file final_35.cif (mmCIF, C-alpha atoms)
data_final
#
loop_
_atom_site.label_atom_id
_atom_site.label_comp_id
_atom_site.auth_asym_id
_atom_site.auth_seq_id
_atom_site.Cartn_x
_atom_site.Cartn_y
_atom_site.Cartn_z
CA ALA A 1 0.00 0.00 0.00
CA VAL A 2 1.11 3.55 -0.63
CA TYR A 3 0.45 6.03 2.15
CA SER A 4 0.61 9.26 0.17
CA ALA A 5 -0.44 11.62 2.99
CA ALA A 6 1.93 10.09 5.56
CA SER A 7 4.79 10.05 3.05
CA LEU A 8 4.66 13.86 2.99
CA ALA A 9 5.67 14.01 6.67
CA ASN A 10 9.40 13.98 7.31
CA HIS A 11 11.00 12.19 10.22
CA SER A 12 12.02 13.79 13.51
CA CYS A 13 12.98 12.19 16.83
CA ASP A 14 10.90 14.98 18.39
CA PRO A 15 7.94 14.82 16.02
CA SER A 16 5.24 17.45 15.76
CA ALA A 17 2.56 14.83 15.02
CA ASP A 18 1.66 11.19 15.59
CA ALA A 19 0.59 9.01 12.67
CA ALA A 20 -1.98 6.24 13.04
CA TRP A 21 -3.79 3.96 10.63
CA PRO A 22 -6.98 3.32 12.62
CA GLY A 23 -8.88 1.51 9.88
CA GLY A 24 -6.02 -0.73 8.85
CA ASP A 25 -6.21 0.66 5.33
CA ALA A 26 -4.44 3.47 3.47
CA ARG A 27 -6.11 6.24 5.47
CA VAL A 28 -3.81 7.88 7.97
CA ARG A 29 -4.71 10.09 10.92
CA LEU A 30 -2.13 12.72 11.85
CA THR A 31 -2.60 14.16 15.33
CA ALA A 32 -0.57 17.21 16.37
CA ARG A 33 1.55 16.75 19.49
CA ARG A 34 1.94 20.51 19.86
CA ASP A 35 1.00 23.68 17.99
CA ILE A 36 2.31 23.68 14.42
CA ALA A 37 2.71 27.13 12.93
CA ALA A 38 1.67 27.87 9.36
CA GLY A 39 4.60 27.03 7.11
CA ASP A 40 6.23 24.62 9.58
CA HIS A 41 6.85 21.05 8.49
CA VAL A 42 4.70 18.31 9.94
CA THR A 43 7.06 15.62 11.22
CA ILE A 44 6.40 12.10 12.45
CA ALA A 45 8.65 9.49 14.04
CA TYR A 46 9.75 6.68 11.73
CA VAL A 47 11.31 4.81 14.69
CA ASP A 48 10.75 4.23 18.41
CA CYS A 49 11.90 7.54 19.87
CA SER A 50 12.43 6.00 23.31
CA LEU A 51 15.62 4.41 21.93
CA GLY A 52 18.97 6.08 22.50
CA VAL A 53 20.34 8.46 19.89
CA GLU A 54 22.82 6.01 18.38
CA GLU A 55 20.20 3.25 18.23
CA ARG A 56 17.66 5.53 16.55
CA ARG A 57 20.19 6.68 14.00
CA ALA A 58 21.33 3.10 13.27
CA VAL A 59 17.74 1.93 12.71
CA LEU A 60 17.01 4.88 10.44
CA GLU A 61 20.18 4.34 8.45
CA HIS A 62 19.44 0.64 8.00
CA ALA A 63 15.70 0.91 7.27
CA TYR A 64 15.48 4.28 5.50
CA GLY A 65 19.00 5.02 4.26
CA PHE A 66 19.72 8.14 6.33
CA ALA A 67 21.20 9.07 9.70
CA CYS A 68 18.95 11.49 11.51
CA GLY A 69 20.18 15.04 11.90
CA CYS A 70 17.20 16.48 13.78
CA ALA A 71 17.69 18.95 16.63
CA ARG A 72 17.12 16.25 19.28
CA CYS A 73 19.76 13.96 17.76
CA ALA A 74 22.25 16.81 17.42
CA LYS A 75 21.76 17.76 21.09
CA GLU A 76 22.04 14.16 22.32
CA LEU A 77 25.09 13.42 20.14
CA ALA A 78 26.84 16.52 21.48
CA ALA A 79 26.24 15.29 25.04
CA LEU A 80 27.87 11.88 24.45
CA PRO A 81 31.35 11.37 25.87
CA PRO A 82 33.92 11.86 23.08
CA ASP A 83 35.59 8.51 23.83
CA MET A 84 32.35 6.50 23.71
CA PRO A 85 32.62 3.81 21.00
CA PRO A 86 29.86 3.76 18.37
CA LEU A 87 27.23 1.04 18.39
CA PRO A 88 27.98 -1.96 16.14
CA ARG A 89 26.03 -1.92 12.87
#
call {"tool": "encode", "arguments": {"input": "final_35.cif", "output": "structure tokens"}}
result
Amino acid sequence: AVYSAASLANHSCDPSADAAWPGGDARVRLTARRDIAAGDHVTIAYVDCSLGVEERRAVLEHAYGFACGCARCAKELAALPPDMPPLPR
């Protein structure tokens, strides 16, 4: 199935909306998690955002072909100890 409406929402580890498929078909319900200003992008989480930053980025890279660069990931990556080894892929 192609989810055309949901495919317009980019990923963020701090998403502005939640996506749900309540009917089990191609219809998606996007529910805002906070106010979204006119012109702002609607973002959803492609992964479980309760995972750690390196785990989230590894899942995204494997499943979707990109490493997340959202504000949450940038902040969490900057807080990691510089000598911490990366997760195995």
call {"tool": "resolve_selection", "arguments": {"input": "final_35.cif", "expression": "the PyMOL selection byres ((chain A and resi 69) around 12)", "output": "CSV table (one decimal) with C-alpha atoms, in the coordinates of the input"}}
result
chain,number,residue,atom,x,y,z
A,10,ASN,CA,9.4,14.0,7.3
A,11,HIS,CA,11.0,12.2,10.2
A,12,SER,CA,12.0,13.8,13.5
A,13,CYS,CA,13.0,12.2,16.8
A,14,ASP,CA,10.9,15.0,18.4
A,53,VAL,CA,20.3,8.5,19.9
A,54,GLU,CA,22.8,6.0,18.4
A,56,ARG,CA,17.7,5.5,16.6
A,57,ARG,CA,20.2,6.7,14.0
A,60,LEU,CA,17.0,4.9,10.4
A,61,GLU,CA,20.2,4.3,8.4
A,66,PHE,CA,19.7,8.1,6.3
A,67,ALA,CA,21.2,9.1,9.7
A,68,CYS,CA,19.0,11.5,11.5
A,70,CYS,CA,17.2,16.5,13.8
A,71,ALA,CA,17.7,19.0,16.6
A,72,ARG,CA,17.1,16.2,19.3
A,73,CYS,CA,19.8,14.0,17.8
A,74,ALA,CA,22.2,16.8,17.4
A,75,LYS,CA,21.8,17.8,21.1
A,76,GLU,CA,22.0,14.2,22.3
A,77,LEU,CA,25.1,13.4,20.1
A,78,ALA,CA,26.8,16.5,21.5
call {"tool": "atom_distance", "arguments": {"input": "final_35.cif", "atom1": "atom CA of A:Arg27", "atom2": "atom CA of A:His62"}}
result
26.3 Å
call {"tool": "residues_near_point", "arguments": {"input": "final_35.cif", "point": "(11.0, 4.4, 11.4)", "cutoff": "9 Å", "atoms": "all atoms listed in the file", "output": "list of chain:residue names"}}
result
A:His11, A:Ala45, A:Tyr46, A:Val47, A:Asp48, A:Arg56, A:Val59, A:Leu60, A:Ala63, A:Tyr64
call {"tool": "closest_residue", "arguments": {"input": "final_35.cif", "among": "A:Arg34, A:Gly65, A:Leu80, A:Val42", "to": "A:Ala19", "atoms": "all atoms listed in the file"}}
result
A:Val42
call {"tool": "closest_residue", "arguments": {"input": "final_35.cif", "among": "A:Thr43, A:Pro82, A:Cys49, A:Glu55", "to": "A:Ser16", "atoms": "only C-alpha atoms"}}
result
A:Thr43
call {"tool": "residues_around", "arguments": {"input": "final_35.cif", "residues": "A:Arg33", "least_positions_apart": "5", "cutoff": "8 Å", "atoms": "only C-alpha atoms", "output": "list of chain:residue names"}}
result
A:Pro15, A:Ser16, A:Ala17, A:Asp18
call {"tool": "atom_distance", "arguments": {"input": "final_35.cif", "atom1": "atom CA of A:Ala20", "atom2": "atom CA of A:Asp40"}}
result
20.4 Å
call {"tool": "atom_distance", "arguments": {"input": "final_35.cif", "atom1": "atom CA of A:Ala79", "atom2": "atom CA of A:Ser50"}}
result
16.7 Å
call {"tool": "residues_around", "arguments": {"input": "final_35.cif", "residues": "A:Arg29", "least_positions_apart": "2", "cutoff": "12 Å", "atoms": "only C-alpha atoms", "output": "VMD selection string"}}
result
chain A and resid 3 5 to 6 9 17 to 27 31 to 32 44
call {"tool": "write_last_selection", "arguments": {"input": "final_35.cif", "atoms": "C-alpha atoms", "output": "mmCIF file, in the frame of the given file"}}
result
data_model
loop_
_atom_site.group_PDB
_atom_site.id
_atom_site.type_symbol
_atom_site.label_atom_id
_atom_site.label_comp_id
_atom_site.auth_asym_id
_atom_site.auth_seq_id
_atom_site.Cartn_x
_atom_site.Cartn_y
_atom_site.Cartn_z
ATOM 1 C CA TYR A 3 0.450 6.030 2.150
ATOM 2 C CA ALA A 5 -0.440 11.620 2.990
ATOM 3 C CA ALA A 6 1.930 10.090 5.560
ATOM 4 C CA ALA A 9 5.670 14.010 6.670
ATOM 5 C CA ALA A 17 2.560 14.830 15.020
ATOM 6 C CA ASP A 18 1.660 11.190 15.590
ATOM 7 C CA ALA A 19 0.590 9.010 12.670
ATOM 8 C CA ALA A 20 -1.980 6.240 13.040
ATOM 9 C CA TRP A 21 -3.790 3.960 10.630
ATOM 10 C CA PRO A 22 -6.980 3.320 12.620
ATOM 11 C CA GLY A 23 -8.880 1.510 9.880
ATOM 12 C CA GLY A 24 -6.020 -0.730 8.850
ATOM 13 C CA ASP A 25 -6.210 0.660 5.330
ATOM 14 C CA ALA A 26 -4.440 3.470 3.470
ATOM 15 C CA ARG A 27 -6.110 6.240 5.470
ATOM 16 C CA THR A 31 -2.600 14.160 15.330
ATOM 17 C CA ALA A 32 -0.570 17.210 16.370
ATOM 18 C CA ILE A 44 6.400 12.100 12.450
#
call {"tool": "build_atoms", "arguments": {"input": "final_35.cif", "residues": "stretch 34-60 of chain A", "atoms": "N, CA, C and O atoms", "output": "PDB file, in the frame of the given file"}}
result
ATOM      1  N   ARG A  34       1.777  19.135  19.370  1.00  0.00           N
ATOM      2  CA  ARG A  34       1.940  20.510  19.860  1.00  0.00           C
ATOM      3  C   ARG A  34       1.443  21.437  18.756  1.00  0.00           C
ATOM      4  O   ARG A  34       1.121  20.981  17.665  1.00  0.00           O
ATOM      5  N   ASP A  35       1.399  22.718  19.022  1.00  0.00           N
ATOM      6  CA  ASP A  35       1.000  23.680  17.990  1.00  0.00           C
ATOM      7  C   ASP A  35       2.000  23.627  16.837  1.00  0.00           C
ATOM      8  O   ASP A  35       3.213  23.556  17.058  1.00  0.00           O
ATOM      9  N   ILE A  36       1.479  23.668  15.618  1.00  0.00           N
ATOM     10  CA  ILE A  36       2.310  23.680  14.420  1.00  0.00           C
ATOM     11  C   ILE A  36       1.964  24.966  13.678  1.00  0.00           C
ATOM     12  O   ILE A  36       0.832  25.150  13.220  1.00  0.00           O
ATOM     13  N   ALA A  37       2.930  25.839  13.580  1.00  0.00           N
ATOM     14  CA  ALA A  37       2.710  27.130  12.930  1.00  0.00           C
ATOM     15  C   ALA A  37       2.557  26.960  11.424  1.00  0.00           C
ATOM     16  O   ALA A  37       3.112  26.022  10.837  1.00  0.00           O
ATOM     17  N   ALA A  38       1.815  27.863  10.817  1.00  0.00           N
ATOM     18  CA  ALA A  38       1.670  27.870   9.360  1.00  0.00           C
ATOM     19  C   ALA A  38       3.055  27.929   8.735  1.00  0.00           C
ATOM     20  O   ALA A  38       3.902  28.725   9.150  1.00  0.00           O
ATOM     21  N   GLY A  39       3.305  27.069   7.782  1.00  0.00           N
ATOM     22  CA  GLY A  39       4.600  27.030   7.110  1.00  0.00           C
ATOM     23  C   GLY A  39       5.588  26.063   7.719  1.00  0.00           C
ATOM     24  O   GLY A  39       6.586  25.729   7.090  1.00  0.00           O
ATOM     25  N   ASP A  40       5.352  25.605   8.961  1.00  0.00           N
ATOM     26  CA  ASP A  40       6.230  24.620   9.580  1.00  0.00           C
ATOM     27  C   ASP A  40       5.967  23.241   8.992  1.00  0.00           C
ATOM     28  O   ASP A  40       4.851  22.932   8.575  1.00  0.00           O
ATOM     29  N   HIS A  41       6.985  22.411   8.981  1.00  0.00           N
ATOM     30  CA  HIS A  41       6.850  21.050   8.490  1.00  0.00           C
ATOM     31  C   HIS A  41       6.146  20.190   9.537  1.00  0.00           C
ATOM     32  O   HIS A  41       6.390  20.335  10.730  1.00  0.00           O
ATOM     33  N   VAL A  42       5.275  19.322   9.066  1.00  0.00           N
ATOM     34  CA  VAL A  42       4.700  18.310   9.940  1.00  0.00           C
ATOM     35  C   VAL A  42       5.672  17.133   9.939  1.00  0.00           C
ATOM     36  O   VAL A  42       6.043  16.635   8.871  1.00  0.00           O
ATOM     37  N   THR A  43       6.120  16.730  11.116  1.00  0.00           N
ATOM     38  CA  THR A  43       7.060  15.620  11.220  1.00  0.00           C
ATOM     39  C   THR A  43       6.439  14.503  12.050  1.00  0.00           C
ATOM     40  O   THR A  43       5.641  14.747  12.949  1.00  0.00           O
ATOM     41  N   ILE A  44       6.823  13.272  11.696  1.00  0.00           N
ATOM     42  CA  ILE A  44       6.400  12.100  12.450  1.00  0.00           C
ATOM     43  C   ILE A  44       7.650  11.272  12.760  1.00  0.00           C
ATOM     44  O   ILE A  44       8.702  11.475  12.149  1.00  0.00           O
ATOM     45  N   ALA A  45       7.527  10.362  13.697  1.00  0.00           N
ATOM     46  CA  ALA A  45       8.650   9.490  14.040  1.00  0.00           C
ATOM     47  C   ALA A  45       8.583   8.229  13.187  1.00  0.00           C
ATOM     48  O   ALA A  45       7.552   7.558  13.148  1.00  0.00           O
ATOM     49  N   TYR A  46       9.676   7.909  12.509  1.00  0.00           N
ATOM     50  CA  TYR A  46       9.750   6.680  11.730  1.00  0.00           C
ATOM     51  C   TYR A  46      10.218   5.514  12.597  1.00  0.00           C
ATOM     52  O   TYR A  46      10.166   4.370  12.159  1.00  0.00           O
ATOM     53  N   VAL A  47      10.749   5.824  13.793  1.00  0.00           N
ATOM     54  CA  VAL A  47      11.310   4.810  14.690  1.00  0.00           C
ATOM     55  C   VAL A  47      10.782   5.035  16.110  1.00  0.00           C
ATOM     56  O   VAL A  47      10.159   6.057  16.397  1.00  0.00           O
ATOM     57  N   ASP A  48      11.094   4.113  16.989  1.00  0.00           N
ATOM     58  CA  ASP A  48      10.750   4.230  18.410  1.00  0.00           C
ATOM     59  C   ASP A  48      11.663   5.289  19.028  1.00  0.00           C
ATOM     60  O   ASP A  48      12.861   5.068  19.185  1.00  0.00           O
ATOM     61  N   CYS A  49      11.102   6.427  19.368  1.00  0.00           N
ATOM     62  CA  CYS A  49      11.900   7.540  19.870  1.00  0.00           C
ATOM     63  C   CYS A  49      12.336   7.363  21.330  1.00  0.00           C
ATOM     64  O   CYS A  49      13.044   8.213  21.861  1.00  0.00           O
ATOM     65  N   SER A  50      11.936   6.267  21.960  1.00  0.00           N
ATOM     66  CA  SER A  50      12.430   6.000  23.310  1.00  0.00           C
ATOM     67  C   SER A  50      13.816   5.352  23.265  1.00  0.00           C
ATOM     68  O   SER A  50      14.484   5.232  24.299  1.00  0.00           O
ATOM     69  N   LEU A  51      14.278   4.968  22.079  1.00  0.00           N
ATOM     70  CA  LEU A  51      15.620   4.410  21.930  1.00  0.00           C
ATOM     71  C   LEU A  51      16.651   5.518  22.121  1.00  0.00           C
ATOM     72  O   LEU A  51      16.351   6.700  21.962  1.00  0.00           O
ATOM     73  N   GLY A  52      17.872   5.127  22.398  1.00  0.00           N
ATOM     74  CA  GLY A  52      18.970   6.080  22.500  1.00  0.00           C
ATOM     75  C   GLY A  52      19.309   6.656  21.130  1.00  0.00           C
ATOM     76  O   GLY A  52      18.943   6.101  20.091  1.00  0.00           O
ATOM     77  N   VAL A  53      20.028   7.749  21.132  1.00  0.00           N
ATOM     78  CA  VAL A  53      20.340   8.460  19.890  1.00  0.00           C
ATOM     79  C   VAL A  53      21.078   7.580  18.887  1.00  0.00           C
ATOM     80  O   VAL A  53      20.745   7.561  17.697  1.00  0.00           O
ATOM     81  N   GLU A  54      22.068   6.836  19.323  1.00  0.00           N
ATOM     82  CA  GLU A  54      22.820   6.010  18.380  1.00  0.00           C
ATOM     83  C   GLU A  54      21.966   4.870  17.840  1.00  0.00           C
ATOM     84  O   GLU A  54      22.075   4.509  16.669  1.00  0.00           O
ATOM     85  N   GLU A  55      21.104   4.315  18.683  1.00  0.00           N
ATOM     86  CA  GLU A  55      20.200   3.250  18.230  1.00  0.00           C
ATOM     87  C   GLU A  55      19.198   3.777  17.214  1.00  0.00           C
ATOM     88  O   GLU A  55      18.954   3.139  16.181  1.00  0.00           O
ATOM     89  N   ARG A  56      18.615   4.939  17.499  1.00  0.00           N
ATOM     90  CA  ARG A  56      17.660   5.530  16.550  1.00  0.00           C
ATOM     91  C   ARG A  56      18.322   5.773  15.205  1.00  0.00           C
ATOM     92  O   ARG A  56      17.768   5.429  14.153  1.00  0.00           O
ATOM     93  N   ARG A  57      19.501   6.356  15.243  1.00  0.00           N
ATOM     94  CA  ARG A  57      20.190   6.680  14.000  1.00  0.00           C
ATOM     95  C   ARG A  57      20.580   5.426  13.223  1.00  0.00           C
ATOM     96  O   ARG A  57      20.490   5.390  11.996  1.00  0.00           O
ATOM     97  N   ALA A  58      20.974   4.357  13.933  1.00  0.00           N
ATOM     98  CA  ALA A  58      21.330   3.100  13.270  1.00  0.00           C
ATOM     99  C   ALA A  58      20.107   2.468  12.600  1.00  0.00           C
ATOM    100  O   ALA A  58      20.190   1.982  11.465  1.00  0.00           O
ATOM    101  N   VAL A  59      18.961   2.483  13.286  1.00  0.00           N
ATOM    102  CA  VAL A  59      17.740   1.930  12.710  1.00  0.00           C
ATOM    103  C   VAL A  59      17.328   2.732  11.473  1.00  0.00           C
ATOM    104  O   VAL A  59      16.984   2.165  10.428  1.00  0.00           O
ATOM    105  N   LEU A  60      17.376   4.041  11.578  1.00  0.00           N
ATOM    106  CA  LEU A  60      17.010   4.880  10.440  1.00  0.00           C
ATOM    107  C   LEU A  60      17.949   4.664   9.257  1.00  0.00           C
ATOM    108  O   LEU A  60      17.499   4.589   8.111  1.00  0.00           O
TER     109      LEU A  60
END
